[in-house]
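Down below is the structure, laid out as structure tokens.
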Amino acid sequence: MTSSHLRLGVNIDHVATIRNARGGPHPDPVRAARLAAEAGADGITAHLREDRRHITDRDIERLMQEIDRPLNLEMAATDEMLEIALSHRPHAACLVPEKREERTTEGGLDVVKGRDHLARYVAALGQAGIRVSMFVEPDPRQLDAARRLGAPVVELHTGAYCHAAIDGRAADEKRELKRIIDAAAHAGSIGLECHAGHGLTFDSVAPVAAIASIVELNIGHFLIGEAVFSGLDSAIRRMRALMDKARADATGARSA
Ligand code: PXP
């Protein structure tokens, strides 16, 4: 599947991280979601973690009630999260690995090894009409396994590419980008809708946005951090413009 419009899902988790640092209501992630929608987000992404370190159950409830953009609920494959997802029925659910001690989602799901555990969650979410995606490393074996489980969507973990870009490790950056390009092509060839995200910044987004078979990017931490300097509206608009330009340039180059 290819598309000239690349969707942007804005992840608002870290607005909640800042709020929770003081325990009060400010800054409100739902207000950030509303602003993100006005600034050009096609959807809102939020990760309800087992330890509730940022987004809370009440945030999910409010995002469902108050925001007129599709919600992509990132969740671990646990019975608690499944019950919450089934009670809210968000547009999409992205299954992610979760370890309590990690700072963020440090790697993709191992769908090959976790197949037996994951199958029930993919089936239950799908039957409820929730579009299921699986957050995986850009590895064709993981994509094949996601396909076999019947997930319609995969989200490629771009962390290794983004870390190499930030550290200035040019050879690693090139190799990791190629893994993403190859995995996105593979996803398309086996009929999976392909998303990508994790660690993307103004500097690293363009080569990923240029990949024709990727239809959605989910971006959070950098945008919320950048909002400290330029405001959330400006940060999202700039990201949107960089994505759109990269996609338009790549589409033009392919058709020239
Ligand atoms: N996609 C998934 C599945 C994630 O878990 C995250 C982080 O919560 C992101 C995208 C966004 O990553 P970042 O906050 O680094 O932009």
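So you can find residues: chains in the structure tokens are A, B, ... in the order shown, residues in each start at 1, and ligands are numbered from 1 in order.
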Can I get the residues of chain A within 9 Å of ligand 1, each with the closest pair of atoms and their distance in Å to one decimal, using only C-alpha atoms and all ligand atoms, sorted chain first then ascending number, as a Markdown table?
```
| residue | atom | partner | partner_atom_place_in_ligand_line | distance |
| --- | --- | --- | --- | --- |
| A:Gly9 | CA | ligand 1 | 10 (C) | 8.5 |
| A:Val10 | CA | ligand 1 | 11 (C) | 8.1 |
| A:Asn11 | CA | ligand 1 | 11 (C) | 6.1 |
| A:Ile12 | CA | ligand 1 | 14 (O) | 8.2 |
| A:Asp13 | CA | ligand 1 | 8 (O) | 7.1 |
| A:His14 | CA | ligand 1 | 14 (O) | 7.8 |
| A:Thr45 | CA | ligand 1 | 10 (C) | 8.0 |
| A:Ala46 | CA | ligand 1 | 8 (O) | 7.3 |
| A:His47 | CA | ligand 1 | 8 (O) | 6.1 |
| A:Glu74 | CA | ligand 1 | 3 (C) | 6.3 |
| A:Met75 | CA | ligand 1 | 5 (O) | 8.6 |
| A:Cys94 | CA | ligand 1 | 3 (C) | 6.3 |
| A:Leu95 | CA | ligand 1 | 3 (C) | 7.4 |
| A:Val96 | CA | ligand 1 | 3 (C) | 6.0 |
| A:Pro97 | CA | ligand 1 | 5 (O) | 8.4 |
| A:Thr104 | CA | ligand 1 | 7 (C) | 6.5 |
| A:Thr105 | CA | ligand 1 | 5 (O) | 5.2 |
| A:Glu106 | CA | ligand 1 | 5 (O) | 8.3 |
| A:Gly107 | CA | ligand 1 | 5 (O) | 8.9 |
| A:Gly108 | CA | ligand 1 | 3 (C) | 8.2 |
| A:Ser133 | CA | ligand 1 | 3 (C) | 8.8 |
| A:Met134 | CA | ligand 1 | 3 (C) | 7.9 |
| A:Phe135 | CA | ligand 1 | 3 (C) | 5.3 |
| A:Val136 | CA | ligand 1 | 3 (C) | 8.4 |
| A:Glu155 | CA | ligand 1 | 3 (C) | 6.6 |
| A:Leu156 | CA | ligand 1 | 3 (C) | 8.1 |
| A:His157 | CA | ligand 1 | 1 (N) | 7.0 |
| A:Thr158 | CA | ligand 1 | 10 (C) | 8.4 |
| A:Gly159 | CA | ligand 1 | 15 (O) | 7.5 |
| A:His195 | CA | ligand 1 | 1 (N) | 8.6 |
| A:Ala196 | CA | ligand 1 | 1 (N) | 6.8 |
| A:Gly197 | CA | ligand 1 | 10 (C) | 4.2 |
| A:His198 | CA | ligand 1 | 12 (O) | 3.3 |
| A:Gly199 | CA | ligand 1 | 15 (O) | 3.5 |
| A:Leu200 | CA | ligand 1 | 16 (O) | 5.4 |
| A:Thr201 | CA | ligand 1 | 16 (O) | 7.7 |
| A:Leu217 | CA | ligand 1 | 10 (C) | 7.5 |
| A:Asn218 | CA | ligand 1 | 10 (C) | 4.6 |
| A:Ile219 | CA | ligand 1 | 16 (O) | 3.6 |
| A:Gly220 | CA | ligand 1 | 14 (O) | 3.6 |
| A:His221 | CA | ligand 1 | 14 (O) | 3.7 |
| A:Phe222 | CA | ligand 1 | 16 (O) | 5.8 |
| A:Leu223 | CA | ligand 1 | 16 (O) | 7.4 |
| A:Ile224 | CA | ligand 1 | 14 (O) | 8.5 |
```
**OP:** Compile the contact shell of Ser189 in chain A as a ChimeraX atom specification: residues with an atom at most 12 Å away, counting only C-alpha atoms, same-chain residues fewer than 3 positions apart removed.
**Re:** /A:1-2,140,143-144,147,182-186,192-194,213
Original post:
Please, which residues of range 7-164 of chain A, numbered as in this document, come out alpha helix (DSSP H) from DSSP, as a ChimeraX atom specification?
Top reply: /A:13-22,29-39,57-66,79-88,115-127,140-149,159-164
Subject >> Selection near His91 in chain A, 7 Å with only C-alpha atoms, sequence-local residues under 2 positions removed, as a PyMOL selection string >> reply: chain A and resi 70-72+89+130-131
**OP:** Could you give me, as an MDAnalysis selection string, the residues within 8 Å of Val111 in chain A, counting only C-alpha atoms and dropping anything in the same chain fewer than 5 positions from it?
**Re:** chainID A and resid 118 136 142 145:146
**OP:** as a PyMOL selection string, list the residues of range 77-256 of chain A assigned to strand (DSSP E or B) by DSSP on the backbone atoms of this structure.
**Re:** chain A and resi 92-95+131-136+153-157+193-197+214-219
Any idea what's packed within 8 Å of His54 in chain A, counting only C-alpha atoms, ignoring anything in its chain fewer than 5 positions away? Could you give it as an mmCIF file with all heavy atoms, in the first residue's frame?
```
data_model
loop_
_atom_site.group_PDB
_atom_site.id
_atom_site.type_symbol
_atom_site.label_atom_id
_atom_site.label_comp_id
_atom_site.auth_asym_id
_atom_site.auth_seq_id
_atom_site.Cartn_x
_atom_site.Cartn_y
_atom_site.Cartn_z
ATOM 1 N N ASP A 13 2.241 11.568 25.163
ATOM 2 C CA ASP A 13 2.609 10.971 26.464
ATOM 3 C C ASP A 13 3.394 11.930 27.351
ATOM 4 O O ASP A 13 3.194 11.991 28.566
ATOM 5 C CB ASP A 13 3.522 9.744 26.257
ATOM 6 C CG ASP A 13 2.803 8.570 25.634
ATOM 7 O OD1 ASP A 13 1.574 8.615 25.503
ATOM 8 O OD2 ASP A 13 3.508 7.611 25.257
ATOM 9 N N HIS A 14 4.330 12.654 26.727
ATOM 10 C CA HIS A 14 5.256 13.400 27.579
ATOM 11 C C HIS A 14 4.721 14.753 28.049
ATOM 12 O O HIS A 14 5.324 15.397 28.901
ATOM 13 C CB HIS A 14 6.631 13.473 26.919
ATOM 14 C CG HIS A 14 7.195 12.085 26.794
ATOM 15 N ND1 HIS A 14 7.436 11.314 27.907
ATOM 16 C CD2 HIS A 14 7.471 11.314 25.715
ATOM 17 C CE1 HIS A 14 7.869 10.120 27.505
ATOM 18 N NE2 HIS A 14 7.890 10.088 26.197
ATOM 19 N N VAL A 15 3.551 15.131 27.538
ATOM 20 C CA VAL A 15 2.839 16.239 28.179
ATOM 21 C C VAL A 15 2.373 15.728 29.550
ATOM 22 O O VAL A 15 2.491 16.426 30.567
ATOM 23 C CB VAL A 15 1.635 16.700 27.319
ATOM 24 C CG1 VAL A 15 0.886 17.818 28.017
ATOM 25 C CG2 VAL A 15 2.094 17.112 25.933
ATOM 26 N N ALA A 16 1.918 14.480 29.559
ATOM 27 C CA ALA A 16 1.488 13.873 30.827
ATOM 28 C C ALA A 16 2.673 13.640 31.764
ATOM 29 O O ALA A 16 2.530 13.753 32.983
ATOM 30 C CB ALA A 16 0.746 12.567 30.548
ATOM 31 N N THR A 17 3.853 13.338 31.185
ATOM 32 C CA THR A 17 5.042 13.166 32.035
ATOM 33 C C THR A 17 5.308 14.445 32.821
ATOM 34 O O THR A 17 5.579 14.417 34.028
ATOM 35 C CB THR A 17 6.284 12.851 31.166
ATOM 36 O OG1 THR A 17 6.023 11.689 30.395
ATOM 37 C CG2 THR A 17 7.524 12.638 32.007
ATOM 38 N N ASN A 20 2.607 14.996 35.450
ATOM 39 C CA ASN A 20 2.702 14.093 36.601
ATOM 40 C C ASN A 20 3.873 14.425 37.524
ATOM 41 O O ASN A 20 3.878 14.024 38.677
ATOM 42 C CB ASN A 20 2.810 12.636 36.133
ATOM 43 C CG ASN A 20 1.555 12.173 35.402
ATOM 44 O OD1 ASN A 20 0.603 12.936 35.245
ATOM 45 N ND2 ASN A 20 1.555 10.940 34.938
ATOM 46 N N LEU A 48 -0.781 3.915 27.282
ATOM 47 C CA LEU A 48 -1.190 3.682 28.671
ATOM 48 C C LEU A 48 -0.288 2.578 29.216
ATOM 49 O O LEU A 48 -0.451 1.411 28.884
ATOM 50 C CB LEU A 48 -2.666 3.264 28.732
ATOM 51 C CG LEU A 48 -3.234 3.096 30.143
ATOM 52 C CD1 LEU A 48 -3.287 4.439 30.875
ATOM 53 C CD2 LEU A 48 -4.619 2.470 30.109
ATOM 54 N N ARG A 49 0.684 2.986 30.021
ATOM 55 C CA ARG A 49 1.633 2.005 30.559
ATOM 56 C C ARG A 49 1.093 1.336 31.803
ATOM 57 O O ARG A 49 0.295 1.927 32.541
ATOM 58 C CB ARG A 49 2.957 2.696 30.902
ATOM 59 C CG ARG A 49 3.848 2.918 29.699
ATOM 60 C CD ARG A 49 5.185 3.499 30.130
ATOM 61 N NE ARG A 49 6.134 3.445 29.053
ATOM 62 C CZ ARG A 49 7.000 2.449 28.847
ATOM 63 N NH1 ARG A 49 7.046 1.425 29.675
ATOM 64 N NH2 ARG A 49 7.824 2.485 27.835
#
```
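Restricting the calculation to only C-alpha atoms, the smallest distance between Val30 in chain A and any of A:Ala92, A:Leu242, A:Ile55, A:Ile236 is found for A:Ile55.
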